[in-house]
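Q: Submitted below is the structure of interest, expressed as structure tokens.
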Amino acid sequence: MLTNTFVDNAKVMAKGQVTIPKDVREVLGVASGDRISFIVEGSTVRIVNSAVYAMQMLQKEMAGEAKQAGLTSDDDVMALIRELRNEDENI
């Protein structure tokens with residue numbers, strides 16, 4: 001069951017501007033100056049926090065890359081980081 005399910009309304013102004021209701025801003029985790037994304041799927045539009053959405057897309061794109069690179073444990077990742085840092089110091 002969805003615990004954050006509710007309906008709220010806003011009026012579209014002459015220039016297409018809409019004030020996002022406070023409850024919705026809180027659920028999205030956005031404040032003044034933050035960016036949001038509109039995801040249009042047919043006649044349905046989802047509004048999401050742009051930073052969160054970007055991170056989700058990155059995670060989706062990166063899924064499976066560590067395994068494919070042979071990084072199967074935290075120790076493997078740390079060894080790669082040490083190796084890369086050593087290369088940077090030798091440049």
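Scheme for the structure tokens: letters A, B, ... for chains in order shown; per-chain residue numbers from 1; ligand numbers from 1 in order shown.
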Please return, as a ChimeraX atom specification, all residues of chain A that DSSP assigns to strand (DSSP E or B) on the basis of the backbone.

A: /A:36-41,44-49

Q: What's around Leu80 (chain A) at 9 Å? Count only C-alpha atoms, leave out sequence neighbours fewer than 5 positions away in its own chain, and write the answer as a VMD selection string.

A: chain A and resid 71 75 85

Q: Got time to write the residues from that selection, N, CA and C atoms, as a short mmCIF file (atom, residue, chain, number, x, y, z; two decimals), in the first residue's frame?

A:
```cif
data_model
loop_
_atom_site.label_atom_id
_atom_site.label_comp_id
_atom_site.auth_asym_id
_atom_site.auth_seq_id
_atom_site.Cartn_x
_atom_site.Cartn_y
_atom_site.Cartn_z
N LEU A 71 34.80 -6.61 -10.39
CA LEU A 71 34.77 -6.06 -9.04
C LEU A 71 33.63 -6.73 -8.29
N ASP A 75 36.72 -5.09 -1.28
CA ASP A 75 38.18 -5.14 -1.39
C ASP A 75 38.63 -4.92 -2.84
N ARG A 85 44.74 5.85 -7.98
CA ARG A 85 45.40 6.95 -7.28
C ARG A 85 46.91 6.89 -7.49
#
```

Q: Based on the backbone DSSP call, show me all residues of chain A assigned alpha helix (DSSP H), as a PyMOL selection string.

A: chain A and resi 22-28+50-62+65-68+74-89

Q: At what distance in Å, to one decimal, does CA of Glu26 (chain A) lie from CA of Phe38 (chain A)?

A: 16.8 Å

Q: Would you compute the distance between CA of Thr19 (chain A) and CA of Ile36 (chain A)? Give it in Å to one decimal.

A: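 Value for the CA of Thr19 (chain A)-CA of Ile36 (chain A) distance: 12.5 Å.
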
Q: In Å, with one decimal, what is the gap from CA of Arg82 (chain A) to CA of Met55 (chain A)?

A: 24.9 Å

Q: I'd like the contact shell of Tyr53 (chain A) - 9 Å cut-off, only C-alpha atoms, skipping same-chain residues fewer than 5 positions apart - returned as number ranges by chain.

A: A: 36-37, 48, 58

Q: Just the residues within 12 Å of Lys67 (chain A), please, counting only C-alpha atoms, with nothing from its chain fewer than 5 positions along; format it as a list of chain:residue names.

A: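 Selected residues are A:Met62, A:Thr72, A:Ser73, A:Asp74, A:Asp76, A:Val77.
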